[in-house]
file input_2.cif (mmCIF, C-alpha atoms)
data_target
#
loop_
_atom_site.label_atom_id
_atom_site.label_comp_id
_atom_site.auth_asym_id
_atom_site.auth_seq_id
_atom_site.Cartn_x
_atom_site.Cartn_y
_atom_site.Cartn_z
CA MET T 280 0.00 0.00 0.00
CA LYS T 281 1.01 3.58 -0.59
CA VAL T 282 2.33 5.46 2.43
CA VAL T 283 2.94 9.19 2.21
CA LEU T 284 5.66 10.81 4.29
CA ALA T 285 4.91 14.46 4.97
CA ASP T 286 8.14 16.31 4.24
CA TYR T 287 8.76 19.22 6.59
CA GLY T 288 12.31 19.84 5.48
CA ALA T 289 14.20 17.92 8.16
CA GLY T 290 15.77 15.92 5.40
CA ASN T 291 16.38 12.40 6.55
CA MET T 292 13.44 10.27 5.45
CA ARG T 293 15.62 7.70 3.78
CA SER T 294 15.83 5.20 6.63
CA VAL T 295 12.10 5.35 7.29
CA CYS T 296 11.33 4.86 3.60
CA SER T 297 13.60 1.84 3.40
CA ALA T 298 12.02 0.31 6.49
CA LEU T 299 8.54 0.86 5.02
CA VAL T 300 9.61 -0.83 1.80
CA ARG T 301 10.81 -3.83 3.82
CA ALA T 302 7.43 -3.88 5.57
CA GLY T 303 5.72 -4.15 2.18
CA ALA T 304 4.62 -0.56 1.66
CA GLU T 305 5.27 1.90 -1.16
CA PRO T 306 6.52 5.08 0.52
CA VAL T 307 6.39 8.47 -1.17
CA VAL T 308 7.95 11.62 0.31
CA THR T 309 6.00 14.75 -0.53
CA THR T 310 5.25 18.36 0.29
CA ASP T 311 2.07 18.20 -1.83
CA PRO T 312 -1.05 18.83 0.30
CA ALA T 313 -3.30 16.86 -2.09
CA GLU T 314 -1.07 13.80 -1.82
CA VAL T 315 -1.05 14.05 1.98
CA ALA T 316 -4.83 14.43 2.02
CA ASP T 317 -5.47 11.38 -0.19
CA ALA T 318 -2.98 8.85 1.17
CA PRO T 319 -4.26 5.73 2.93
CA LEU T 320 -1.61 6.38 5.61
CA VAL T 321 0.48 9.45 6.34
CA VAL T 322 3.71 9.22 8.33
CA VAL T 323 5.28 12.23 10.01
CA ALA T 324 8.84 11.27 10.88
CA GLY T 325 12.05 12.95 11.74
CA VAL T 326 14.40 14.50 14.18
CA GLY T 327 15.08 18.00 15.41
CA HIS T 328 12.65 20.26 17.19
CA VAL T 329 8.87 20.33 17.42
CA ALA T 330 8.74 24.04 16.60
CA GLN T 331 10.87 23.63 13.47
CA ALA T 332 8.83 20.64 12.39
CA ALA T 333 5.54 22.49 12.91
CA ALA T 334 6.84 25.51 10.99
CA GLY T 335 8.28 23.29 8.25
CA LEU T 336 4.95 21.58 7.66
CA GLY T 337 3.39 24.83 6.41
CA PRO T 338 0.13 24.05 4.60
CA LEU T 339 0.51 20.36 5.43
CA ALA T 340 -0.39 21.16 9.04
CA ASP T 341 -3.97 21.95 8.07
CA VAL T 342 -4.19 18.90 5.86
CA LEU T 343 -3.08 16.74 8.78
CA ARG T 344 -5.73 18.36 10.99
CA GLU T 345 -8.38 17.62 8.40
CA ARG T 346 -7.23 14.02 8.09
CA VAL T 347 -7.43 13.52 11.81
CA ALA T 348 -10.87 15.16 11.98
CA ALA T 349 -12.01 12.80 9.22
CA GLY T 350 -10.56 9.79 11.03
CA ARG T 351 -7.91 9.00 8.44
CA PRO T 352 -4.71 7.32 9.72
CA VAL T 353 -1.62 9.28 10.69
CA LEU T 354 1.51 7.86 12.33
CA GLY T 355 4.03 10.11 14.07
CA ILE T 356 7.56 8.88 14.68
CA CYS T 357 9.80 10.52 17.32
CA VAL T 358 9.44 14.28 16.79
CA GLY T 359 6.46 13.32 14.61
CA LEU T 360 4.77 11.97 17.75
CA GLN T 361 5.64 15.09 19.74
CA LEU T 362 4.20 17.18 16.93
CA LEU T 363 0.74 15.72 17.56
CA PHE T 364 0.63 17.38 20.99
CA GLY T 365 0.61 21.01 22.16
CA GLU T 366 3.18 23.14 23.87
CA SER T 367 6.76 21.89 24.10
CA GLU T 368 9.29 22.73 26.80
CA GLU T 369 11.81 22.86 23.98
CA GLY T 370 9.98 25.95 22.76
CA GLY T 371 7.13 26.29 20.32
CA GLU T 372 3.98 24.32 19.81
CA GLY T 373 2.91 21.20 18.03
CA LEU T 374 -0.32 20.76 16.12
CA GLY T 375 -2.41 20.26 19.25
CA LEU T 376 -4.25 17.27 17.78
CA LEU T 377 -4.01 15.53 21.14
CA GLY T 378 -4.29 17.06 24.60
CA GLY T 379 -1.02 17.43 26.48
CA GLY T 380 2.45 18.77 26.03
CA VAL T 381 6.07 17.81 25.47
CA ARG T 382 8.41 17.76 28.48
CA ARG T 383 12.15 17.50 28.88
CA LEU T 384 13.27 14.19 30.32
CA THR T 385 14.37 14.28 33.94
CA ALA T 386 16.63 11.20 34.03
CA ARG T 387 20.28 11.40 35.13
CA THR T 388 21.33 10.86 31.52
CA VAL T 389 19.69 12.79 28.69
CA PRO T 390 19.30 12.15 25.77
CA HIS T 391 17.64 8.80 26.41
CA MET T 392 19.84 6.95 23.95
CA GLY T 393 19.82 3.31 23.08
CA TRP T 394 17.77 0.12 23.24
CA ASN T 395 15.10 -0.05 25.88
CA GLU T 396 12.24 -2.36 26.72
CA LEU T 397 8.63 -1.64 25.78
CA ALA T 398 5.99 -2.22 28.44
CA CYS T 399 2.53 -2.44 26.91
CA ALA T 400 -0.07 -0.47 28.84
CA ARG T 401 -2.99 -2.26 27.27
CA GLN T 402 -3.99 -4.26 24.24
CA SER T 403 -3.28 -2.29 21.08
CA ARG T 404 -3.03 -2.79 17.37
CA ILE T 405 0.32 -1.12 16.81
CA LEU T 406 2.23 -2.81 19.66
CA ASP T 407 0.74 -6.24 19.07
CA GLY T 408 3.41 -8.85 19.92
CA LEU T 409 5.86 -6.23 21.14
CA ASP T 410 5.42 -6.31 24.92
CA GLY T 411 8.92 -6.58 26.38
CA ALA T 412 10.63 -5.99 23.03
CA ASP T 413 13.76 -3.83 22.85
CA VAL T 414 13.53 -0.82 20.55
CA TYR T 415 15.86 2.12 19.89
CA PHE T 416 15.29 5.53 21.47
CA ALA T 417 17.19 8.78 20.84
CA HIS T 418 15.42 11.77 22.39
CA SER T 419 15.61 14.42 25.10
CA TYR T 420 11.89 15.28 25.22
CA ALA T 421 8.79 13.13 25.55
CA VAL T 422 5.04 13.63 25.27
CA GLN T 423 2.89 13.96 28.34
CA PRO T 424 -0.73 13.36 27.36
CA ASP T 425 -3.54 14.80 29.48
CA ASP T 426 -5.22 11.42 29.19
CA ASP T 427 -3.07 8.36 29.99
CA GLU T 428 -5.65 6.23 28.18
CA LEU T 429 -3.98 7.25 24.91
CA VAL T 430 -0.80 5.50 25.98
CA VAL T 431 -0.35 1.96 24.68
CA GLY T 432 3.32 1.55 25.59
CA TRP T 433 5.69 2.89 28.24
CA VAL T 434 9.43 2.75 28.66
CA ASP T 435 11.52 3.34 31.78
CA HIS T 436 14.26 5.94 31.77
CA GLY T 437 14.44 7.68 35.13
CA GLY T 438 10.70 7.05 35.40
CA SER T 439 7.96 6.08 32.97
CA ILE T 440 8.09 7.75 29.56
CA VAL T 441 5.47 7.44 26.83
CA ALA T 442 6.80 5.10 24.14
CA ALA T 443 3.66 4.77 22.00
CA ILE T 444 0.14 6.14 21.73
CA GLU T 445 -2.90 5.01 19.80
CA ASN T 446 -6.13 6.94 19.60
CA GLY T 447 -8.57 6.11 16.82
CA ALA T 448 -6.82 6.92 13.57
CA LEU T 449 -3.87 8.60 15.28
CA ALA T 450 -0.82 6.66 16.36
CA GLY T 451 2.67 7.61 17.37
CA VAL T 452 5.89 6.12 18.64
CA GLN T 453 8.75 7.85 20.42
CA PHE T 454 11.29 5.22 19.38
CA HIS T 455 12.71 4.66 15.89
CA PRO T 456 11.13 1.61 14.24
CA GLU T 457 13.44 2.06 11.23
CA ARG T 458 16.40 1.53 13.57
CA SER T 459 14.91 -1.11 15.88
CA GLY T 460 15.72 -4.34 14.11
CA ALA T 461 13.04 -7.03 13.96
CA ALA T 462 10.89 -5.33 16.61
CA GLY T 463 10.82 -2.16 14.54
CA ALA T 464 9.83 -4.12 11.45
CA ARG T 465 6.99 -5.72 13.40
CA LEU T 466 5.79 -2.29 14.55
CA LEU T 467 5.63 -1.02 10.97
CA GLU T 468 3.80 -4.14 9.80
CA ASN T 469 1.33 -3.67 12.67
CA VAL T 470 0.85 -0.02 11.70
CA LEU T 471 0.15 -0.93 8.07
CA GLN T 472 -2.50 -3.43 9.19
CA TRP T 473 -3.98 -0.96 11.68
CA SER T 474 -4.16 1.78 9.05
CA ARG T 475 -6.12 -0.43 6.69
CA SER T 476 -8.89 -0.78 9.25
CA ALA T 477 -8.52 2.43 11.27
CA MET S 209 16.22 0.69 31.88
CA VAL S 210 18.16 1.58 28.80
CA LYS S 211 20.57 -1.20 27.86
CA LYS S 212 24.33 -0.94 27.81
CA ARG S 213 25.49 -0.79 24.21
CA LEU S 214 28.26 -2.53 22.31
CA ILE S 215 29.33 -0.54 19.27
CA PRO S 216 31.73 -1.92 16.63
CA CYS S 217 33.73 0.72 14.80
CA LEU S 218 34.65 0.34 11.14
CA ASP S 219 37.46 2.42 9.65
CA VAL S 220 36.66 3.32 6.07
CA THR S 221 38.32 5.26 3.32
CA GLY S 222 37.08 5.85 -0.20
CA GLY S 223 33.95 3.93 0.75
CA ARG S 224 35.87 0.76 1.68
CA VAL S 225 36.87 -0.84 4.96
CA VAL S 226 40.57 -0.47 5.36
CA LYS S 227 41.93 -2.36 8.27
CA GLY S 228 41.80 -5.49 10.31
CA VAL S 229 38.79 -7.11 8.74
CA ARG S 230 38.78 -10.58 7.27
CA PHE S 231 35.33 -12.11 6.81
CA GLU S 232 35.85 -15.15 4.65
CA THR S 233 32.22 -15.85 3.94
CA LEU S 234 31.55 -12.44 2.45
CA ARG S 235 31.94 -12.09 -1.27
CA ASP S 236 33.24 -8.58 -1.03
CA VAL S 237 35.40 -8.54 2.06
CA GLY S 238 35.98 -4.83 2.03
CA ASP S 239 32.43 -3.54 1.68
CA PRO S 240 31.48 -1.62 4.82
CA VAL S 241 27.75 -2.15 4.42
CA GLU S 242 28.11 -5.93 4.17
CA LEU S 243 30.35 -5.93 7.20
CA ALA S 244 27.96 -3.65 9.04
CA GLN S 245 25.08 -5.98 8.22
CA ARG S 246 27.09 -8.87 9.58
CA TYR S 247 27.67 -7.03 12.83
CA SER S 248 23.99 -6.18 13.03
CA ASP S 249 23.12 -9.87 12.52
CA VAL S 250 25.30 -10.92 15.45
CA GLY S 251 23.81 -8.38 17.84
CA ALA S 252 25.75 -5.13 17.54
CA ASP S 253 23.61 -2.40 19.08
CA GLU S 254 24.85 0.36 16.88
CA LEU S 255 27.77 1.08 14.54
CA VAL S 256 30.34 3.76 13.93
CA PHE S 257 31.85 4.37 10.50
CA LEU S 258 35.04 6.32 10.88
CA ASP S 259 36.11 7.96 7.64
CA ILE S 260 39.86 8.06 8.21
CA THR S 261 40.86 10.05 5.15
CA ALA S 262 37.72 12.07 4.50
CA THR S 263 39.48 15.40 4.29
CA VAL S 264 41.97 14.09 1.75
CA ASP S 265 39.72 12.18 -0.65
CA GLY S 266 36.55 14.21 -0.52
CA ARG S 267 33.33 12.77 0.71
CA GLY S 268 31.63 11.33 -2.37
CA PRO S 269 32.34 7.64 -1.67
CA THR S 270 31.38 8.08 1.97
CA LEU S 271 28.04 9.64 1.11
CA GLU S 272 27.28 6.75 -1.20
CA LEU S 273 28.24 4.36 1.59
CA VAL S 274 26.01 6.20 4.07
CA GLU S 275 23.04 6.03 1.70
CA ARG S 276 23.46 2.30 1.22
CA ALA S 277 23.91 1.77 4.95
CA ALA S 278 20.77 3.79 5.68
CA ASP S 279 18.80 1.68 3.21
CA ARG S 280 19.98 -1.64 4.51
CA LEU S 281 20.76 -1.41 8.23
CA THR S 282 18.10 -1.75 10.89
CA ILE S 283 20.32 -0.49 13.72
CA PRO S 284 21.54 3.07 14.17
CA PHE S 285 24.88 4.26 12.88
CA THR S 286 27.16 7.22 13.44
CA VAL S 287 29.54 8.65 10.88
CA GLY S 288 32.69 10.46 11.94
CA GLY S 289 36.04 11.55 10.61
CA GLY S 290 37.02 14.84 9.05
CA ILE S 291 33.70 16.62 9.58
CA SER S 292 34.79 20.23 9.47
CA CYS S 293 31.62 22.28 9.17
CA LEU S 294 27.84 22.32 9.40
CA GLU S 295 27.54 21.51 5.69
CA ASP S 296 29.63 18.31 6.05
CA ALA S 297 27.41 17.12 8.87
CA ARG S 298 24.24 18.08 7.08
CA SER S 299 25.13 16.09 3.97
CA LEU S 300 25.91 12.97 6.04
CA LEU S 301 22.71 13.24 8.08
CA ARG S 302 20.64 13.91 4.96
CA ALA S 303 22.20 10.82 3.38
CA GLY S 304 20.82 8.79 6.27
CA ALA S 305 23.37 8.77 9.10
CA ASP S 306 21.62 8.77 12.47
CA LYS S 307 24.37 10.75 14.15
CA VAL S 308 27.59 12.52 13.26
CA ALA S 309 30.73 12.44 15.38
CA VAL S 310 32.65 15.70 15.34
CA ASN S 311 36.14 15.89 16.77
CA ARG S 312 38.69 18.55 15.85
CA ALA S 313 36.25 20.94 14.20
CA ALA S 314 34.22 21.07 17.41
CA PHE S 315 37.31 21.69 19.51
CA ASP S 316 38.45 24.47 17.19
CA ASP S 317 34.97 25.99 17.00
CA PRO S 318 32.63 24.76 19.76
CA ALA S 319 29.77 26.83 18.29
CA LEU S 320 29.55 24.14 15.62
CA LEU S 321 28.05 21.81 18.24
CA THR S 322 25.40 24.40 19.03
CA GLU S 323 24.52 24.87 15.37
CA LEU S 324 24.27 21.13 14.82
CA ALA S 325 22.11 20.57 17.88
CA ALA S 326 19.84 23.44 16.88
CA GLU S 327 19.26 21.99 13.44
CA PHE S 328 19.23 18.25 14.07
CA GLY S 329 18.72 17.86 17.81
CA ALA S 330 21.37 16.97 20.39
CA GLN S 331 20.65 13.26 19.91
CA ALA S 332 22.30 13.45 16.47
CA VAL S 333 25.46 15.17 17.70
CA VAL S 334 28.33 13.11 19.08
CA CYS S 335 31.43 14.92 20.24
CA ALA S 336 34.49 12.71 19.84
CA ILE S 337 37.28 13.48 22.27
CA ASP S 338 40.72 11.91 22.05
CA SER S 339 42.67 12.10 25.27
CA ARG S 340 46.23 11.38 26.31
CA GLY S 341 47.24 11.78 29.93
CA GLY S 342 44.00 13.61 30.59
CA ARG S 343 44.70 16.25 27.91
CA VAL S 344 42.94 16.74 24.59
CA VAL S 345 44.78 15.54 21.48
CA THR S 346 43.62 15.84 17.87
CA HIS S 347 44.74 14.65 14.44
CA GLY S 348 44.62 11.01 15.55
CA GLY S 349 46.68 11.77 18.65
CA ARG S 350 49.46 13.57 16.82
CA THR S 351 48.64 17.07 18.00
CA GLU S 352 48.52 18.01 21.67
CA ARG S 353 46.06 20.74 22.55
CA ASP S 354 46.29 22.89 25.61
CA ALA S 355 43.11 21.66 27.26
CA ASP S 356 41.95 19.32 29.97
CA SER S 357 39.84 16.52 28.46
CA VAL S 358 37.14 16.58 31.12
CA ALA S 359 36.84 20.35 31.01
CA TRP S 360 36.44 20.18 27.23
CA ALA S 361 33.82 17.44 27.64
CA ARG S 362 31.80 19.69 29.95
CA GLU S 363 31.94 22.53 27.50
CA ALA S 364 31.06 20.30 24.54
CA VAL S 365 27.91 19.15 26.32
CA ALA S 366 27.03 22.70 27.36
CA ARG S 367 27.40 23.69 23.70
CA GLY S 368 25.01 21.00 22.47
CA ALA S 369 26.67 17.59 22.16
CA GLY S 370 24.20 14.82 22.98
CA GLU S 371 26.76 12.07 23.44
CA LEU S 372 30.51 11.79 23.98
CA LEU S 373 32.81 9.30 22.28
CA VAL S 374 35.85 9.29 24.53
CA THR S 375 38.97 7.59 23.20
CA SER S 376 41.99 7.13 25.40
CA ILE S 377 45.02 7.29 23.14
CA ASP S 378 46.98 5.80 26.05
CA ALA S 379 44.84 2.67 26.11
CA ASP S 380 44.05 2.44 22.39
CA GLY S 381 45.36 -0.72 20.80
CA THR S 382 46.65 -2.22 24.05
CA ARG S 383 43.74 -4.66 24.56
CA GLU S 384 44.43 -4.25 28.27
CA GLY S 385 41.17 -2.50 29.06
CA TYR S 386 39.58 0.92 28.74
CA ASP S 387 40.99 3.94 30.55
CA LEU S 388 38.68 3.64 33.54
CA GLU S 389 39.89 6.76 35.29
CA LEU S 390 39.10 8.85 32.21
CA THR S 391 35.78 7.07 31.62
CA ALA S 392 34.66 7.61 35.21
CA ALA S 393 35.72 11.26 35.22
CA MET S 394 33.79 11.88 31.99
CA ALA S 395 30.63 10.06 33.12
CA GLU S 396 30.72 11.98 36.39
CA ALA S 397 31.24 15.34 34.66
CA VAL S 398 28.43 15.22 32.09
CA ASP S 399 24.76 14.23 31.93
CA VAL S 400 24.83 12.80 28.39
CA PRO S 401 25.78 9.21 27.49
CA VAL S 402 29.50 8.45 27.38
CA ILE S 403 30.89 5.88 24.93
CA ALA S 404 34.19 4.44 26.16
CA SER S 405 36.74 3.76 23.44
CA GLY S 406 40.25 2.37 23.24
CA GLY S 407 41.71 -0.70 24.88
CA ALA S 408 39.02 -3.39 24.76
CA GLY S 409 40.41 -6.92 24.86
CA GLU S 410 37.75 -9.01 26.56
CA ALA S 411 34.24 -8.88 28.02
CA ARG S 412 35.57 -7.99 31.47
CA HIS S 413 36.92 -4.73 30.04
CA LEU S 414 33.51 -3.72 28.76
CA ALA S 415 31.97 -4.54 32.12
CA GLU S 416 34.58 -2.35 33.82
CA ALA S 417 33.77 0.53 31.49
CA PHE S 418 30.06 0.16 32.24
CA ALA S 419 30.81 0.05 35.96
CA ALA S 420 32.82 3.26 35.54
CA GLY S 421 29.72 4.93 34.11
CA ALA S 422 29.97 4.40 30.35
CA GLU S 423 26.63 3.73 28.65
CA ALA S 424 28.32 2.15 25.67
CA ALA S 425 31.61 0.58 24.69
CA LEU S 426 33.29 0.91 21.33
CA VAL S 427 35.05 -2.19 20.06
CA ALA S 428 37.31 -2.47 17.03
CA SER S 429 40.15 -4.93 16.59
CA ILE S 430 38.76 -7.59 18.95
CA VAL S 431 35.65 -8.05 16.83
CA HIS S 432 37.17 -7.38 13.43
CA GLU S 433 38.95 -10.71 13.43
CA ARG S 434 35.71 -12.57 14.13
CA PRO S 435 32.35 -10.76 14.19
CA GLU S 436 30.70 -13.59 16.17
CA ARG S 437 32.77 -12.26 19.05
CA VAL S 438 30.06 -9.58 19.43
CA GLN S 439 27.52 -12.23 20.33
CA GLU S 440 29.91 -13.92 22.74
CA LEU S 441 30.86 -10.66 24.43
CA LYS S 442 27.20 -9.82 24.97
CA ALA S 443 26.43 -13.28 26.30
CA GLU S 444 29.33 -12.98 28.75
CA LEU S 445 28.15 -9.54 29.84
CA ARG S 446 24.62 -10.85 30.33
CA GLU S 447 26.00 -13.74 32.34
CA ALA S 448 27.83 -11.24 34.53
CA GLY S 449 24.55 -9.47 35.23
CA TRP S 450 24.82 -6.55 32.79
CA ASN S 451 21.68 -5.25 31.14
CA VAL S 452 22.51 -5.84 27.48
CA ARG S 453 20.29 -6.60 24.51
CA ILE S 454 20.49 -10.22 23.39
#
call {"tool": "encode", "arguments": {"input": "input_2.cif", "output": "structure tokens"}}
result
Amino acid sequence: MKVVLADYGAGNMRSVCSALVRAGAEPVVTTDPAEVADAPLVVVAGVGHVAQAAAGLGPLADVLRERVAAGRPVLGICVGLQLLFGESEEGGEGLGLLGGGVRRLTARTVPHMGWNELACARQSRILDGLDGADVYFAHSYAVQPDDDELVVGWVDHGGSIVAAIENGALAGVQFHPERSGAAGARLLENVLQWSRSA
Amino acid sequence: MVKKRLIPCLDVTGGRVVKGVRFETLRDVGDPVELAQRYSDVGADELVFLDITATVDGRGPTLELVERAADRLTIPFTVGGGISCLEDARSLLRAGADKVAVNRAAFDDPALLTELAAEFGAQAVVCAIDSRGGRVVTHGGRTERDADSVAWAREAVARGAGELLVTSIDADGTREGYDLELTAAMAEAVDVPVIASGGAGEARHLAEAFAAGAEAALVASIVHERPERVQELKAELREAGWNVRI
């Protein structure tokens, strides 16, 4: 299936595209609002800052809002997850599609860097089969939803951090599935399945 | 809890692996991406490609290597060696590197770390520090700089580095263990992950580095001879009670 990556100018979509190809999808990177509006699944991926990402999206921000309002699937990866929320302690604001903000991690060592174990909060489509799996994290900020019910997976780094959320047609992961070996591949396969029925 | 990492380092030049690697079962024994894949298969947590002649040869072959690595690998990788400016780093990260390791250019102009962190996030910015007798050295250890290694580490982190790759030139190549005094001083001084480098000979050495506060250990010659060693090292570490990914 076709998967559209919303390009906000952060550059590195290559690894995510390759991982999506391995998962059986046909990824397309675009800045075209029509393409983002029509895609069966949109992925917002990348690194950097929430504020830059939000600014870089430009007209795509509204298209993403419309998609979410219409219940059409969107997956955020890393900063793409943080972008779904509101105010960030890093400065700036996300899209505010979900209630809550983005907070700096309080662990002894930040960034949270490396492989860490997922703890599923509840049954979910996107983390199916991944309870206890090791996945790769590389971040200094994490989302803090107003409603913990959104959270489908936690990870421990100086306390519980949100690793994954799922809410209707919106999903997001703080870790990097494209850099998380077999567990990351499973996540992307799960997301493709979820998006077909979300 | 985040797991302790084992990170093989591959020296490359002109897009090829240049030293210490003999994998008989690989068709192309010098291809970094094939070697990297092999390391990934045996449980390496992450990889470093060190471009040892980048400033001499130009970066074309390395960029091509990074693109292929980004397409094929499913573990993160850092690219270092000869990165002299924001543009160098940007081209490597755009090509698919997860992180860049900056050494001399950061020491000469620490603002580079700030610029990189602002554009790509601190998690993509590794500051590589080579140390001899507690003092900073550059140019592969040939040039002594008038600076205390730990003081420079503190500044590098304050400027934006999200991780430190600390190589003890004293211990490098000895296989007698990491420089634990340096590793401990670094881990104590900063709040970002520290990767210990230089001196690994056996699993016990990695355990000592972790005990000294390193979050990750770089390995080179001891795994180059036989990549399966990665799996064995991790099994031994696990056996000894260390939280490593199997």
call {"tool": "resolve_selection", "arguments": {"input": "input_2.cif", "expression": "the PyMOL selection byres ((chain S and resi 273-283) around 9)", "output": "ChimeraX atom specification"}}
result
/T:293-298,415,456-461,463-464 /S:223-224,239-242,244-245,248,252-255,257,268-272,284-285,287,300-306
call {"tool": "interface_residues", "arguments": {"input": "input_2.cif", "of": "chain T", "to": "chain S", "cutoff": "8 Å", "atoms": "all atoms listed in the file", "output": "CSV table (one decimal) with C-alpha atoms, in the frame of the given file"}}
result
chain,number,residue,atom,x,y,z
T,289,ALA,CA,14.2,17.9,8.2
T,290,GLY,CA,15.8,15.9,5.4
T,291,ASN,CA,16.4,12.4,6.6
T,292,MET,CA,13.4,10.3,5.4
T,293,ARG,CA,15.6,7.7,3.8
T,294,SER,CA,15.8,5.2,6.6
T,297,SER,CA,13.6,1.8,3.4
T,298,ALA,CA,12.0,0.3,6.5
T,326,VAL,CA,14.4,14.5,14.2
T,327,GLY,CA,15.1,18.0,15.4
T,328,HIS,CA,12.6,20.3,17.2
T,387,ARG,CA,20.3,11.4,35.1
T,388,THR,CA,21.3,10.9,31.5
T,389,VAL,CA,19.7,12.8,28.7
T,390,PRO,CA,19.3,12.2,25.8
T,391,HIS,CA,17.6,8.8,26.4
T,392,MET,CA,19.8,7.0,24.0
T,393,GLY,CA,19.8,3.3,23.1
T,394,TRP,CA,17.8,0.1,23.2
T,395,ASN,CA,15.1,0.0,25.9
T,396,GLU,CA,12.2,-2.4,26.7
T,413,ASP,CA,13.8,-3.8,22.8
T,417,ALA,CA,17.2,8.8,20.8
T,418,HIS,CA,15.4,11.8,22.4
T,419,SER,CA,15.6,14.4,25.1
T,434,VAL,CA,9.4,2.8,28.7
T,435,ASP,CA,11.5,3.3,31.8
T,436,HIS,CA,14.3,5.9,31.8
T,437,GLY,CA,14.4,7.7,35.1
T,457,GLU,CA,13.4,2.1,11.2
T,458,ARG,CA,16.4,1.5,13.6
T,459,SER,CA,14.9,-1.1,15.9
T,460,GLY,CA,15.7,-4.3,14.1
T,461,ALA,CA,13.0,-7.0,14.0
call {"tool": "atom_distance", "arguments": {"input": "input_2.cif", "atom1": "CA of Val353 (chain T)", "atom2": "CA of Ala398 (chain T)"}}
result
22.5 Å
call {"tool": "residues_around", "arguments": {"input": "input_2.cif", "residues": "Ala428 (chain S)", "least_positions_apart": "2", "cutoff": "9 Å", "atoms": "all atoms listed in the file", "output": "ChimeraX atom specification"}}
result
/S:215-219,228,405-406,408,426,430-432
call {"tool": "atom_distance", "arguments": {"input": "input_2.cif", "atom1": "CA of His455 (chain T)", "atom2": "CA of Val250 (chain S)"}}
result
20.0 Å
call {"tool": "atom_distance", "arguments": {"input": "input_2.cif", "atom1": "CA of Leu320 (chain S)", "atom2": "CA of Ala392 (chain S)"}}
result
26.1 Å
call {"tool": "closest_residue", "arguments": {"input": "input_2.cif", "among": "S:Trp360, S:Arg246, S:Ala397, S:Gly348", "to": "Arg437 (chain S)", "atoms": "all atoms listed in the file"}}
result
S:Arg246
call {"tool": "residues_around", "arguments": {"input": "input_2.cif", "residues": "Gln423 (chain T)", "least_positions_apart": "4", "cutoff": "6 Å", "atoms": "only C-alpha atoms", "output": "compact mmCIF listing (two decimals) with C-alpha atoms, in the coordinates of the input"}}
result
# COMPACT_ATOMS: atom_id res chain seq x y z
CA GLY T 379 -1.02 17.43 26.48
CA GLY T 380 2.45 18.77 26.03
CA VAL T 381 6.07 17.81 25.47
call {"tool": "closest_residue", "arguments": {"input": "input_2.cif", "among": "T:Val347, T:Asp286, T:Leu376, T:Ala334", "to": "Ala316 (chain T)", "atoms": "only C-alpha atoms"}}
result
T:Val347
call {"tool": "residues_near_point", "arguments": {"input": "input_2.cif", "point": "(3.3, 17.5, 28.4)", "cutoff": "10 Å", "atoms": "all atoms listed in the file", "output": "list of chain:residue names"}}
result
T:Gln361, T:Phe364, T:Gly365, T:Glu366, T:Ser367, T:Glu368, T:Gly378, T:Gly379, T:Gly380, T:Val381, T:Arg382, T:Arg383, T:Tyr420, T:Ala421, T:Val422, T:Gln423, T:Pro424, T:Asp425
call {"tool": "residues_around", "arguments": {"input": "input_2.cif", "residues": "Gly288 (chain T)", "least_positions_apart": "6", "cutoff": "8 Å", "atoms": "only C-alpha atoms", "output": "list of chain:residue names"}}
result
T:Ala332, T:Gly335, T:Leu336
call {"tool": "write_last_selection", "arguments": {"input": "input_2.cif", "atoms": "C-alpha atoms", "output": "mmCIF file, keeping the file's coordinate frame"}}
result
data_model
loop_
_atom_site.group_PDB
_atom_site.id
_atom_site.type_symbol
_atom_site.label_atom_id
_atom_site.label_comp_id
_atom_site.auth_asym_id
_atom_site.auth_seq_id
_atom_site.Cartn_x
_atom_site.Cartn_y
_atom_site.Cartn_z
ATOM 1 C CA ALA T 332 8.830 20.640 12.390
ATOM 2 C CA GLY T 335 8.280 23.290 8.250
ATOM 3 C CA LEU T 336 4.950 21.580 7.660
#
call {"tool": "residues_around", "arguments": {"input": "input_2.cif", "residues": "Val329 (chain T)", "least_positions_apart": "4", "cutoff": "7 Å", "atoms": "only C-alpha atoms", "output": "list in words"}}
result
Ala333, Val358, Gln361, Leu362, Gly371, Glu372 and Gly373 of chain T
call {"tool": "resolve_selection", "arguments": {"input": "input_2.cif", "expression": "the PyMOL selection byres ((chain T and resi 309) around 6)", "output": "PyMOL selection string"}}
result
chain T and resi 285-286+308+310-311
call {"tool": "residues_around", "arguments": {"input": "input_2.cif", "residues": "Glu416 (chain S)", "least_positions_apart": "4", "cutoff": "8 Å", "atoms": "only C-alpha atoms", "output": "list in words"}}
result
Tyr386, Leu388, Arg412 and Ala420 of chain S
call {"tool": "closest_residue", "arguments": {"input": "input_2.cif", "among": "T:Ala386, T:Ala443, T:Ile405, T:Leu471", "to": "Glu305 (chain T)", "atoms": "only C-alpha atoms"}}
result
T:Leu471
